[in-house]
$ cat run03.txt   # compact mmCIF, C-alpha atoms
# COMPACT_ATOMS: atom_id res chain seq x y z
CA MET A 1 -37.61 0.53 -65.86
CA SER A 2 -40.71 1.38 -67.87
CA ASP A 3 -41.99 -2.15 -67.23
CA LEU A 4 -41.96 -1.40 -63.51
CA ARG A 5 -44.64 1.23 -63.97
CA LEU A 6 -47.02 -1.71 -63.83
CA CYS A 7 -45.91 -2.30 -60.24
CA ARG A 8 -47.34 -0.49 -57.27
CA GLY A 9 -44.41 1.53 -56.03
CA PRO A 10 -43.83 4.68 -53.99
CA GLU A 11 -45.51 7.90 -55.07
CA VAL A 12 -42.53 9.01 -57.11
CA THR A 13 -42.49 9.85 -60.82
CA VAL A 14 -39.44 8.47 -62.64
CA ASN A 15 -38.41 9.29 -66.20
CA LYS A 16 -36.09 6.74 -67.80
CA GLN A 17 -32.88 7.67 -69.65
CA ASP A 18 -30.25 5.51 -71.37
CA GLY A 19 -27.72 3.79 -69.11
CA GLY A 20 -24.38 2.01 -69.48
CA ASP A 21 -20.97 3.57 -70.05
CA PRO A 22 -22.37 6.60 -71.95
CA ALA A 23 -24.45 7.44 -68.86
CA VAL A 24 -21.35 7.42 -66.67
CA THR A 25 -19.54 9.72 -69.09
CA LYS A 26 -22.54 12.05 -69.25
CA LEU A 27 -22.78 12.12 -65.47
CA LEU A 28 -19.12 12.99 -65.01
CA THR A 29 -19.50 15.74 -67.60
CA ALA A 30 -22.55 17.10 -65.78
CA ILE A 31 -20.74 17.04 -62.45
CA LYS A 32 -17.88 19.09 -63.90
CA ALA A 33 -20.38 21.50 -65.45
CA GLY A 34 -22.31 21.88 -62.22
CA SER A 35 -25.69 20.86 -63.64
CA GLY A 36 -27.47 18.40 -65.90
CA ALA A 37 -27.24 15.19 -63.87
CA PRO A 38 -30.28 12.91 -63.36
CA ASP A 39 -31.55 12.02 -59.89
CA LEU A 40 -30.86 8.31 -60.29
CA MET A 41 -28.54 6.22 -62.40
CA GLN A 42 -27.64 2.57 -62.80
CA ALA A 43 -24.00 2.16 -61.81
CA GLU A 44 -21.91 -0.96 -62.18
CA TYR A 45 -20.19 -1.85 -58.92
CA GLN A 46 -16.79 -1.38 -60.53
CA LYS A 47 -17.72 2.20 -61.52
CA ILE A 48 -18.84 3.34 -58.06
CA PRO A 49 -15.36 4.28 -56.75
CA THR A 50 -14.74 6.39 -59.86
CA LEU A 51 -18.04 8.19 -59.36
CA VAL A 52 -17.47 8.66 -55.63
CA SER A 53 -14.00 10.08 -56.28
CA ALA A 54 -15.57 12.58 -58.68
CA ASN A 55 -18.16 13.59 -56.04
CA ALA A 56 -20.86 12.38 -58.41
CA LEU A 57 -22.90 10.31 -55.93
CA THR A 58 -24.83 11.16 -52.78
CA ASP A 59 -24.39 9.30 -49.51
CA ILE A 60 -27.92 7.96 -48.95
CA SER A 61 -27.20 6.13 -45.70
CA LYS A 62 -29.60 8.45 -43.81
CA ASP A 63 -32.38 7.88 -46.35
CA VAL A 64 -32.30 4.07 -46.44
CA ASP A 65 -33.54 1.89 -43.58
CA PRO A 66 -30.49 0.23 -41.99
CA THR A 67 -32.25 -3.16 -42.11
CA VAL A 68 -32.14 -3.10 -45.94
CA LYS A 69 -28.53 -4.21 -45.60
CA ASN A 70 -29.73 -7.57 -44.29
CA ASP A 71 -31.31 -8.44 -47.64
CA PHE A 72 -28.00 -8.45 -49.51
CA PRO A 73 -24.82 -10.55 -49.32
CA ALA A 74 -22.02 -8.81 -47.44
CA SER A 75 -19.85 -8.80 -50.55
CA VAL A 76 -22.46 -6.93 -52.59
CA TRP A 77 -23.16 -4.46 -49.79
CA ASN A 78 -19.44 -3.76 -49.55
CA SER A 79 -19.49 -2.77 -53.22
CA VAL A 80 -21.93 0.07 -52.55
CA THR A 81 -20.34 1.25 -49.30
CA LEU A 82 -16.66 0.79 -50.20
CA GLY A 83 -16.30 -0.67 -46.74
CA SER A 84 -17.30 2.62 -45.08
CA ALA A 85 -20.32 3.89 -43.14
CA ALA A 86 -21.54 5.69 -46.26
CA LEU A 87 -24.04 4.19 -48.72
CA TYR A 88 -23.63 5.25 -52.33
CA ALA A 89 -26.23 3.03 -54.02
CA VAL A 90 -28.74 0.23 -53.53
CA PRO A 91 -27.61 -3.07 -55.07
CA GLN A 92 -29.69 -4.24 -58.01
CA ASP A 93 -28.15 -7.30 -59.65
CA SER A 94 -25.10 -9.48 -59.19
CA GLY A 95 -23.02 -11.86 -61.28
CA PRO A 96 -21.98 -14.80 -59.09
CA MET A 97 -19.59 -17.08 -60.94
CA GLU A 98 -20.21 -20.77 -61.58
CA PHE A 99 -18.86 -23.64 -63.66
CA TYR A 100 -20.85 -24.55 -66.77
CA TYR A 101 -20.17 -27.86 -68.49
CA ARG A 102 -21.43 -30.11 -71.27
CA ALA A 103 -23.04 -32.98 -69.36
CA ASP A 104 -23.17 -35.14 -72.50
CA LEU A 105 -19.43 -34.80 -73.10
CA PHE A 106 -18.65 -35.46 -69.44
CA ALA A 107 -20.60 -38.71 -69.75
CA LYS A 108 -18.89 -39.58 -73.04
CA TYR A 109 -15.38 -39.18 -71.61
CA GLY A 110 -16.13 -40.47 -68.12
CA LEU A 111 -15.44 -37.14 -66.44
CA SER A 112 -16.57 -36.12 -62.96
CA VAL A 113 -17.60 -32.56 -62.18
CA PRO A 114 -14.58 -30.96 -60.45
CA THR A 115 -15.19 -29.58 -56.98
CA THR A 116 -11.66 -28.27 -56.39
CA TRP A 117 -9.19 -26.46 -58.63
CA ASP A 118 -6.83 -29.44 -58.41
CA GLU A 119 -9.64 -31.62 -59.75
CA TYR A 120 -10.35 -29.06 -62.47
CA ALA A 121 -6.74 -29.26 -63.67
CA ALA A 122 -6.83 -33.07 -63.62
CA THR A 123 -10.14 -33.11 -65.52
CA ALA A 124 -8.77 -30.69 -68.10
CA LYS A 125 -5.76 -32.93 -68.64
CA LYS A 126 -7.90 -36.07 -68.95
CA LEU A 127 -10.25 -34.49 -71.49
CA HIS A 128 -7.48 -33.03 -73.62
CA ALA A 129 -5.66 -36.38 -73.62
CA ALA A 130 -8.82 -38.15 -74.77
CA ASP A 131 -9.43 -35.59 -77.53
CA PRO A 132 -6.52 -33.25 -78.35
CA LYS A 133 -8.96 -30.82 -79.97
CA ALA A 134 -11.12 -30.55 -76.84
CA TYR A 135 -10.61 -28.27 -73.84
CA LEU A 136 -12.38 -27.94 -70.51
CA GLY A 137 -12.16 -24.17 -70.84
CA THR A 138 -10.08 -21.25 -71.95
CA PHE A 139 -8.07 -18.47 -70.35
CA SER A 140 -9.44 -15.27 -71.84
CA ALA A 141 -6.91 -12.44 -71.77
CA SER A 142 -9.54 -10.01 -73.04
CA ASP A 143 -11.92 -10.33 -70.09
CA ALA A 144 -10.42 -8.64 -67.04
CA GLY A 145 -13.69 -8.84 -65.13
CA TRP A 146 -13.58 -12.63 -65.46
CA PHE A 147 -10.09 -12.84 -63.99
CA THR A 148 -10.99 -10.33 -61.28
CA GLY A 149 -13.85 -12.57 -60.16
CA LEU A 150 -11.52 -15.56 -59.96
CA THR A 151 -9.08 -13.66 -57.77
CA GLN A 152 -12.00 -12.47 -55.64
CA GLN A 153 -12.93 -16.09 -55.02
CA ALA A 154 -9.36 -16.76 -53.87
CA GLY A 155 -9.57 -13.94 -51.32
CA ALA A 156 -8.10 -11.01 -53.24
CA SER A 157 -9.41 -7.45 -52.99
CA TRP A 158 -7.52 -5.29 -55.43
CA TRP A 159 -8.15 -1.90 -53.83
CA GLY A 160 -8.77 -0.61 -50.35
CA VAL A 161 -9.71 2.81 -49.03
CA ASP A 162 -8.99 4.33 -45.63
CA GLY A 163 -10.21 7.89 -45.35
CA ASN A 164 -8.50 9.77 -48.17
CA SER A 165 -5.87 7.11 -48.78
CA TRP A 166 -6.02 4.16 -51.14
CA SER A 167 -4.14 0.89 -51.20
CA VAL A 168 -3.62 -1.35 -54.22
CA ALA A 169 -3.15 -5.12 -53.86
CA ILE A 170 -3.54 -6.45 -57.39
CA ASN A 171 -0.26 -8.34 -56.96
CA SER A 172 -1.36 -10.00 -53.70
CA ASP A 173 -0.58 -13.60 -52.81
CA ALA A 174 -4.17 -14.58 -53.59
CA SER A 175 -3.99 -13.02 -57.05
CA ARG A 176 -0.59 -14.58 -57.71
CA LYS A 177 -1.97 -17.99 -56.80
CA VAL A 178 -4.70 -17.62 -59.40
CA ALA A 179 -2.35 -16.22 -62.05
CA SER A 180 0.18 -19.01 -61.50
CA TYR A 181 -2.56 -21.65 -61.65
CA TRP A 182 -3.97 -20.50 -64.97
CA GLY A 183 -0.53 -19.77 -66.35
CA GLY A 184 0.42 -23.35 -65.62
CA LEU A 185 -2.69 -24.71 -67.34
CA VAL A 186 -2.08 -22.60 -70.43
CA ALA A 187 1.64 -23.48 -70.50
CA SER A 188 0.82 -27.20 -70.31
CA GLY A 189 -1.64 -26.91 -73.17
CA ASP A 190 -4.41 -28.54 -71.14
CA ILE A 191 -6.48 -25.33 -71.28
CA ASP A 192 -7.04 -23.22 -74.38
CA ASN A 193 -5.82 -19.63 -74.64
CA LYS A 194 -8.31 -18.23 -77.16
CA PRO A 195 -10.29 -15.14 -76.08
CA MET A 196 -13.99 -15.49 -75.38
CA TYR A 197 -16.65 -13.98 -77.62
CA THR A 198 -14.78 -14.58 -80.86
CA PRO A 199 -15.93 -16.58 -83.90
CA ALA A 200 -13.42 -19.31 -82.98
CA TRP A 201 -14.71 -19.52 -79.41
CA ASN A 202 -18.33 -19.57 -80.57
CA ALA A 203 -17.52 -22.40 -82.97
CA ALA A 204 -15.86 -24.35 -80.15
CA LEU A 205 -18.98 -23.99 -77.98
CA ASN A 206 -21.08 -25.38 -80.82
CA ASN A 207 -18.86 -28.28 -81.88
CA GLY A 208 -18.02 -29.42 -78.35
CA THR A 209 -14.32 -28.60 -78.33
CA GLN A 210 -15.10 -26.19 -75.48
CA ALA A 211 -16.64 -28.62 -73.01
CA GLY A 212 -16.84 -26.16 -70.14
CA TRP A 213 -17.02 -22.49 -69.30
CA ILE A 214 -16.13 -20.64 -66.11
CA SER A 215 -18.76 -17.91 -66.26
CA ALA A 216 -21.46 -16.12 -64.27
CA ILE A 217 -25.18 -16.40 -63.67
CA TRP A 218 -25.96 -14.68 -66.96
CA ALA A 219 -24.20 -17.40 -69.01
CA PRO A 220 -27.46 -19.00 -70.26
CA SER A 221 -28.33 -15.86 -72.24
CA VAL A 222 -24.92 -15.98 -73.94
CA LEU A 223 -25.23 -19.67 -74.76
CA VAL A 224 -28.69 -19.13 -76.24
CA GLY A 225 -27.24 -16.64 -78.69
CA ASN A 226 -23.89 -18.31 -79.37
CA ALA A 227 -24.61 -22.03 -79.16
CA ALA A 228 -28.36 -22.49 -79.48
CA SER A 229 -28.07 -26.04 -80.83
CA THR A 230 -26.53 -27.22 -77.54
CA ALA A 231 -29.60 -26.41 -75.43
CA GLY A 232 -30.31 -29.07 -72.84
CA LYS A 233 -26.74 -30.40 -72.98
CA TRP A 234 -25.25 -28.05 -70.39
CA LYS A 235 -25.39 -28.05 -66.61
CA MET A 236 -24.23 -25.60 -63.98
CA ALA A 237 -22.27 -26.31 -60.79
CA PRO A 238 -20.48 -24.19 -58.18
CA LEU A 239 -16.99 -23.03 -59.04
CA PRO A 240 -14.21 -25.45 -58.12
CA GLN A 241 -12.84 -24.46 -54.72
CA TRP A 242 -9.44 -23.63 -53.29
CA ASP A 243 -10.63 -24.75 -49.86
CA PRO A 244 -13.79 -26.91 -49.89
CA ALA A 245 -14.26 -26.20 -46.18
CA LYS A 246 -14.65 -22.51 -47.00
CA PRO A 247 -16.77 -22.32 -50.18
CA ALA A 248 -16.48 -19.04 -52.04
CA THR A 249 -17.19 -17.47 -55.39
CA GLY A 250 -16.46 -14.22 -57.15
CA ASN A 251 -18.68 -11.85 -59.12
CA TRP A 252 -18.39 -11.13 -62.81
CA GLY A 253 -20.63 -8.13 -63.34
CA GLY A 254 -23.37 -6.55 -61.30
CA SER A 255 -24.88 -3.11 -60.88
CA SER A 256 -26.74 -0.82 -58.51
CA ILE A 257 -29.05 2.17 -58.48
CA ALA A 258 -27.32 5.31 -57.19
CA VAL A 259 -28.50 8.82 -56.35
CA THR A 260 -26.41 11.54 -57.97
CA SER A 261 -24.94 14.44 -56.04
CA GLN A 262 -26.96 16.96 -58.08
CA SER A 263 -30.31 15.42 -57.15
CA LYS A 264 -32.71 17.84 -55.47
CA HIS A 265 -34.87 14.89 -54.42
CA ALA A 266 -32.29 12.61 -52.84
CA ALA A 267 -34.62 11.19 -50.18
CA GLU A 268 -37.33 10.37 -52.72
CA ALA A 269 -34.78 8.93 -55.13
CA ALA A 270 -33.33 6.72 -52.41
CA LYS A 271 -36.83 5.55 -51.52
CA PHE A 272 -37.48 4.57 -55.13
CA ALA A 273 -34.11 2.82 -55.48
CA THR A 274 -34.81 0.81 -52.33
CA TRP A 275 -38.30 -0.16 -53.46
CA MET A 276 -37.12 -1.09 -56.93
CA ASN A 277 -34.52 -3.52 -55.61
CA THR A 278 -36.23 -4.99 -52.54
CA ASP A 279 -39.98 -4.99 -53.15
CA PRO A 280 -41.13 -8.52 -54.16
CA THR A 281 -43.24 -7.31 -57.08
CA ALA A 282 -40.52 -5.01 -58.38
CA THR A 283 -37.74 -7.57 -58.11
CA LYS A 284 -39.93 -10.17 -59.79
CA ALA A 285 -40.43 -7.79 -62.71
CA LEU A 286 -36.70 -7.09 -62.86
CA ALA A 287 -35.96 -10.81 -62.95
CA GLN A 288 -38.72 -12.08 -65.21
CA VAL A 289 -39.27 -9.13 -67.55
CA MET A 290 -35.85 -7.50 -67.71
CA GLY A 291 -33.68 -10.60 -67.23
CA VAL A 292 -31.89 -9.30 -64.13
CA TYR A 293 -30.45 -11.68 -61.52
CA PRO A 294 -31.42 -9.81 -58.35
CA ALA A 295 -28.80 -9.03 -55.73
CA SER A 296 -31.48 -9.30 -53.04
CA THR A 297 -31.16 -12.70 -51.35
CA SER A 298 -34.90 -12.94 -50.75
CA ALA A 299 -35.62 -12.13 -54.40
CA GLN A 300 -33.19 -14.81 -55.55
CA LYS A 301 -35.41 -17.36 -53.84
CA THR A 302 -38.81 -16.02 -54.87
CA ALA A 303 -38.44 -14.16 -58.18
CA LEU A 304 -36.79 -17.04 -60.05
CA THR A 305 -38.43 -20.42 -59.52
CA SER A 306 -38.06 -22.09 -62.93
CA PRO A 307 -34.72 -22.75 -64.66
CA PRO A 308 -33.74 -20.88 -67.83
CA ALA A 309 -35.20 -22.62 -70.88
CA PHE A 310 -31.67 -23.42 -72.07
CA PHE A 311 -31.16 -25.34 -68.80
CA SER A 312 -34.58 -27.00 -68.66
CA ASN A 313 -32.79 -30.24 -67.75
CA GLN A 314 -31.60 -28.71 -64.44
CA ALA A 315 -34.60 -27.98 -62.24
CA ASP A 316 -32.46 -26.77 -59.34
CA PHE A 317 -30.56 -24.20 -61.44
CA TYR A 318 -31.59 -21.15 -59.44
CA ALA A 319 -31.51 -22.97 -56.10
CA VAL A 320 -27.85 -23.79 -56.76
CA ALA A 321 -27.22 -20.24 -57.96
CA ALA A 322 -28.66 -18.73 -54.77
CA LYS A 323 -26.40 -20.89 -52.61
CA VAL A 324 -23.41 -19.88 -54.72
CA ALA A 325 -24.29 -16.17 -54.61
CA ALA A 326 -24.36 -16.26 -50.81
CA THR A 327 -20.68 -17.27 -50.76
CA ALA A 328 -19.32 -14.32 -52.76
CA ALA A 329 -16.15 -13.02 -51.13
CA PRO A 330 -15.77 -9.30 -50.29
CA PHE A 331 -14.03 -7.20 -52.94
CA THR A 332 -13.33 -3.48 -53.26
CA TYR A 333 -12.87 -1.78 -56.63
CA GLY A 334 -10.81 1.37 -57.07
CA PRO A 335 -11.12 4.70 -58.87
CA ASN A 336 -9.15 3.60 -61.94
CA VAL A 337 -10.53 0.18 -62.79
CA ASN A 338 -10.36 1.10 -66.47
CA VAL A 339 -6.58 1.51 -66.25
CA ALA A 340 -6.10 -1.78 -64.42
CA PHE A 341 -8.35 -3.64 -66.86
CA SER A 342 -6.56 -2.15 -69.86
CA ALA A 343 -3.23 -3.27 -68.38
CA TYR A 344 -4.72 -6.74 -67.92
CA ASN A 345 -5.72 -6.98 -71.57
CA ASP A 346 -2.27 -5.86 -72.68
CA GLN A 347 -0.03 -7.81 -70.31
CA PHE A 348 -2.03 -11.02 -69.97
CA GLY A 349 -2.64 -11.01 -73.70
CA LYS A 350 1.10 -11.28 -74.24
CA ALA A 351 1.53 -13.92 -71.52
CA ALA A 352 -1.32 -16.08 -72.83
CA GLU A 353 -0.01 -15.87 -76.38
CA ALA A 354 3.47 -16.90 -75.17
CA LYS A 355 1.99 -19.66 -72.97
CA SER A 356 4.35 -18.61 -70.19
CA GLN A 357 3.51 -19.31 -66.54
CA GLN A 358 6.12 -16.80 -65.38
CA GLY A 359 4.66 -14.38 -67.89
CA PHE A 360 1.34 -14.55 -66.04
CA LEU A 361 3.03 -13.54 -62.79
CA ASP A 362 4.97 -10.77 -64.53
CA ALA A 363 1.71 -9.53 -66.05
CA LEU A 364 0.18 -9.21 -62.59
CA THR A 365 3.17 -7.21 -61.36
CA SER A 366 2.88 -4.92 -64.37
CA MET A 367 -0.83 -4.39 -63.65
CA GLN A 368 0.01 -3.42 -60.08
CA ASN A 369 2.70 -0.95 -61.10
CA THR A 370 0.61 0.61 -63.86
CA THR A 371 -2.41 1.03 -61.60
CA VAL A 372 -0.45 2.59 -58.72
CA ALA A 373 1.44 4.95 -61.03
CA ASP A 374 -1.80 6.14 -62.63
CA MET A 375 -3.44 6.79 -59.26
CA LYS A 376 -0.48 8.81 -58.04
CA ASN A 377 -0.33 10.78 -61.29
CA THR A 378 -4.04 11.53 -60.96
CA GLY A 379 -3.55 12.90 -57.47
CA PHE A 380 -4.66 10.04 -55.24
CA THR A 381 -2.77 9.21 -52.07
CA VAL A 382 -1.63 5.59 -52.30
CA LYS A 383 -0.12 3.99 -49.25
$ encode --input "run03.txt" --output "structure tokens"
Amino acid sequence: MSDLRLCRGPEVTVNKQDGGDPAVTKLLTAIKAGSGAPDLMQAEYQKIPTLVSANALTDISKDVDPTVKNDFPASVWNSVTLGSAALYAVPQDSGPMEFYYRADLFAKYGLSVPTTWDEYAATAKKLHAADPKAYLGTFSASDAGWFTGLTQQAGASWWGVDGNSWSVAINSDASRKVASYWGGLVASGDIDNKPMYTPAWNAALNNGTQAGWISAIWAPSVLVGNAASTAGKWKMAPLPQWDPAKPATGNWGGSSIAVTSQSKHAAEAAKFATWMNTDPTATKALAQVMGVYPASTSAQKTALTSPPAFFSNQADFYAVAAKVAATAAPFTYGPNVNVAFSAYNDQFGKAAEAKSQQGFLDALTSMQNTTVADMKNTGFTVK
């Protein structure tokens, strides 16, 4: 945020503090204590329901011009409103998911870029048959946000809120379709089952035995650090689709700027948050200086005009990304995402290790039951 002091913004003085998970913990502690909260904080979309449930955020709907909504995809706006008339934050960045692949290996093995999930499965089988050590991707049982984004693409929304009541639909038909699909790929052996971000996975990215990666817009920064020698060999494409006539994607990551309930300058804070995430100069600084992929649809087209250096061979990288981001499906997080994600790591970890398709479906059911039980035990009304 300090870099944005170079921008010409509203007449508001902002002092920066550390963010991330520690900031959320500190905020919740301050709310319980009755004092000590900052005016503004960066909040991941998945953390907003938790903060709202703790009365930690201010509804800034009266302080933000209603037309601001038009500069963001409906799915992102839903994340900061929870589908209500309230507005708990201004979107800052998003993590639309795409398919990343080694173009050189696709050429070597005569593979076509899959545009549907059926084609993805067929391509995975063809690659693994040509080289038993090579995989088109992996199912990572340690990355719940990744799986959440894939179910979002399929039409799932794991939580819903209606007044003071919550609903939980982790075990929905859409989620089960995704779980069964990946469980089948893992059971067949056509897709790997090693977790991401491990030494073994990094090695596979470097030696070409991981020829693809279902990831998000921030993937280039990971590849730079984990597989620098493969620069210029990768390309990005939209996710394979369940229904090509209705293109969709999910989000893996993303955050917003929220005004806390203890702020004595809520209107000014909301003004700054809006400027920071919609003003062309500010969003350009966020994108080019701080490495943020802006949630603002106009900023996606103007703030990022050159591809990441790692993808210098794909001039249309950000043009493709903007089209993908616009198709993100709506998704609502709940107040106990941490519990659901922990259950994912535990249950899907066992299913992936066992390479059991039925185990994937059972894991989803267990996630549902664990999440609902925790909400009820915490005092939420779940219908």
$ closest_residue --input "run03.txt" --among "A:Gly149, A:Gly334, A:Gly291, A:Gly189" --to "Ala174 (chain A)" --atoms "all atoms listed in the file"
A:Gly149
$ closest_residue --input "run03.txt" --among "A:Ala325, A:Ala169, A:Met196, A:Val339" --to "Gln153 (chain A)" --atoms "all atoms listed in the file"
A:Ala325
$ residues_around --input "run03.txt" --residues "Gln262 (chain A)" --least-positions-apart "5" --cutoff "9 Å" --atoms "all atoms listed in the file" --output "PyMOL selection string"
chain A and resi 30-31+34-39+56-58
$ atom_distance --input "run03.txt" --atom1 "CA of Gln92 (chain A)" --atom2 "CA of Val80 (chain A)"
10.4 Å
$ residues_near_point --input "run03.txt" --point "(-10.1, -0.6, -60.2)" --cutoff "9 Å" --atoms "only C-alpha atoms" --output "number ranges by chain"
A: 46-47, 49-50, 158-159, 168, 332-341, 371
$ write_last_selection --input "run03.txt" --atoms "C-alpha atoms" --output "mmCIF file, in the coordinates of the input"
data_model
loop_
_atom_site.group_PDB
_atom_site.id
_atom_site.type_symbol
_atom_site.label_atom_id
_atom_site.label_comp_id
_atom_site.auth_asym_id
_atom_site.auth_seq_id
_atom_site.Cartn_x
_atom_site.Cartn_y
_atom_site.Cartn_z
ATOM 1 C CA GLN A 46 -16.790 -1.380 -60.530
ATOM 2 C CA LYS A 47 -17.720 2.200 -61.520
ATOM 3 C CA PRO A 49 -15.360 4.280 -56.750
ATOM 4 C CA THR A 50 -14.740 6.390 -59.860
ATOM 5 C CA TRP A 158 -7.520 -5.290 -55.430
ATOM 6 C CA TRP A 159 -8.150 -1.900 -53.830
ATOM 7 C CA VAL A 168 -3.620 -1.350 -54.220
ATOM 8 C CA THR A 332 -13.330 -3.480 -53.260
ATOM 9 C CA TYR A 333 -12.870 -1.780 -56.630
ATOM 10 C CA GLY A 334 -10.810 1.370 -57.070
ATOM 11 C CA PRO A 335 -11.120 4.700 -58.870
ATOM 12 C CA ASN A 336 -9.150 3.600 -61.940
ATOM 13 C CA VAL A 337 -10.530 0.180 -62.790
ATOM 14 C CA ASN A 338 -10.360 1.100 -66.470
ATOM 15 C CA VAL A 339 -6.580 1.510 -66.250
ATOM 16 C CA ALA A 340 -6.100 -1.780 -64.420
ATOM 17 C CA PHE A 341 -8.350 -3.640 -66.860
ATOM 18 C CA THR A 371 -2.410 1.030 -61.600
#
$ closest_residue --input "run03.txt" --among "A:Thr151, A:Asn345, A:Ser221, A:Ser79" --to "Gln241 (chain A)" --atoms "only C-alpha atoms"
A:Thr151
$ closest_residue --input "run03.txt" --among "A:Trp252, A:Leu40, A:Gly163, A:Ser298" --to "Lys69 (chain A)" --atoms "only C-alpha atoms"
A:Ser298
$ closest_atom_pairs --input "run03.txt" --of "region 205-265 of chain A" --to "region 299-313 of chain A" --cutoff "9 Å" --atoms "only C-alpha atoms" --output "tab-separated table"
residue	atom	partner	partner_atom	distance
A:Pro220	CA	A:Phe310	CA	6.4
A:Ser221	CA	A:Phe310	CA	8.3
A:Leu223	CA	A:Phe310	CA	7.9
A:Val224	CA	A:Phe310	CA	6.7
A:Ala228	CA	A:Phe310	CA	8.2
A:Thr230	CA	A:Phe310	CA	8.4
A:Ala231	CA	A:Phe310	CA	5.0
A:Gly232	CA	A:Phe311	CA	5.6
A:Lys233	CA	A:Phe311	CA	7.9
A:Trp234	CA	A:Phe311	CA	6.7
A:Lys235	CA	A:Phe311	CA	6.7
A:Met236	CA	A:Phe311	CA	8.4
$ closest_atom_pairs --input "run03.txt" --of "region 211-257 of chain A" --to "region 201-205 of chain A" --cutoff "8 Å" --atoms "all atoms listed in the file" --output "JSON lines"
{"residue": "A:Ala211", "atom": "CA", "partner": "A:Leu205", "partner_atom": "CA", "distance": 7.2}
{"residue": "A:Asn226", "atom": "CA", "partner": "A:Asn202", "partner_atom": "CA", "distance": 5.8}
{"residue": "A:Ala227", "atom": "CA", "partner": "A:Leu205", "partner_atom": "CA", "distance": 6.1}
$ residues_around --input "run03.txt" --residues "Gln358 (chain A)" --least-positions-apart "3" --cutoff "10 Å" --atoms "all atoms listed in the file" --output "ChimeraX atom specification"
/A:179-180,183-184,187,351,355,361-363
$ decode --input "run03.txt" --residues "region 310-349 of chain A" --atoms "C-alpha atoms" --output "PDB file, in the first residue's frame"
ATOM      1  CA  PHE A 310       7.697 -16.341 -17.923  1.00  0.00           C
ATOM      2  CA  PHE A 311       4.987 -16.419 -20.628  1.00  0.00           C
ATOM      3  CA  SER A 312       6.663 -14.057 -23.086  1.00  0.00           C
ATOM      4  CA  ASN A 313       5.737 -16.528 -25.836  1.00  0.00           C
ATOM      5  CA  GLN A 314       2.012 -15.857 -25.259  1.00  0.00           C
ATOM      6  CA  ALA A 315       1.229 -12.257 -26.140  1.00  0.00           C
ATOM      7  CA  ASP A 316      -2.490 -12.664 -25.453  1.00  0.00           C
ATOM      8  CA  PHE A 317      -1.977 -14.023 -21.921  1.00  0.00           C
ATOM      9  CA  TYR A 318      -3.904 -11.301 -20.113  1.00  0.00           C
ATOM     10  CA  ALA A 319      -6.509 -10.946 -22.857  1.00  0.00           C
ATOM     11  CA  VAL A 320      -7.345 -14.627 -22.396  1.00  0.00           C
ATOM     12  CA  ALA A 321      -7.271 -14.217 -18.617  1.00  0.00           C
ATOM     13  CA  ALA A 322      -9.760 -11.330 -18.716  1.00  0.00           C
ATOM     14  CA  LYS A 323     -12.203 -13.379 -20.787  1.00  0.00           C
ATOM     15  CA  VAL A 324     -11.841 -16.281 -18.367  1.00  0.00           C
ATOM     16  CA  ALA A 325     -12.300 -14.069 -15.293  1.00  0.00           C
ATOM     17  CA  ALA A 326     -15.592 -12.763 -16.665  1.00  0.00           C
ATOM     18  CA  THR A 327     -17.026 -16.297 -16.613  1.00  0.00           C
ATOM     19  CA  ALA A 328     -16.444 -17.022 -12.911  1.00  0.00           C
ATOM     20  CA  ALA A 329     -19.500 -18.700 -11.433  1.00  0.00           C
ATOM     21  CA  PRO A 330     -21.151 -17.329  -8.256  1.00  0.00           C
ATOM     22  CA  PHE A 331     -19.997 -18.916  -5.005  1.00  0.00           C
ATOM     23  CA  THR A 332     -20.751 -18.205  -1.353  1.00  0.00           C
ATOM     24  CA  TYR A 333     -18.336 -19.081   1.445  1.00  0.00           C
ATOM     25  CA  GLY A 334     -19.466 -19.803   4.984  1.00  0.00           C
ATOM     26  CA  PRO A 335     -18.413 -18.867   8.517  1.00  0.00           C
ATOM     27  CA  ASN A 336     -16.343 -22.022   9.087  1.00  0.00           C
ATOM     28  CA  VAL A 337     -14.317 -22.419   5.913  1.00  0.00           C
ATOM     29  CA  ASN A 338     -11.341 -23.453   8.032  1.00  0.00           C
ATOM     30  CA  VAL A 339     -13.246 -26.473   9.346  1.00  0.00           C
ATOM     31  CA  ALA A 340     -14.406 -27.533   5.887  1.00  0.00           C
ATOM     32  CA  PHE A 341     -10.920 -27.125   4.424  1.00  0.00           C
ATOM     33  CA  SER A 342      -9.351 -29.101   7.266  1.00  0.00           C
ATOM     34  CA  ALA A 343     -11.861 -31.899   6.644  1.00  0.00           C
ATOM     35  CA  TYR A 344     -10.933 -31.792   2.957  1.00  0.00           C
ATOM     36  CA  ASN A 345      -7.245 -32.248   3.705  1.00  0.00           C
ATOM     37  CA  ASP A 346      -7.971 -35.163   6.013  1.00  0.00           C
ATOM     38  CA  GLN A 347     -10.633 -37.037   4.060  1.00  0.00           C
ATOM     39  CA  PHE A 348      -9.433 -36.431   0.510  1.00  0.00           C
ATOM     40  CA  GLY A 349      -5.887 -37.152   1.612  1.00  0.00           C
TER      41      GLY A 349
END
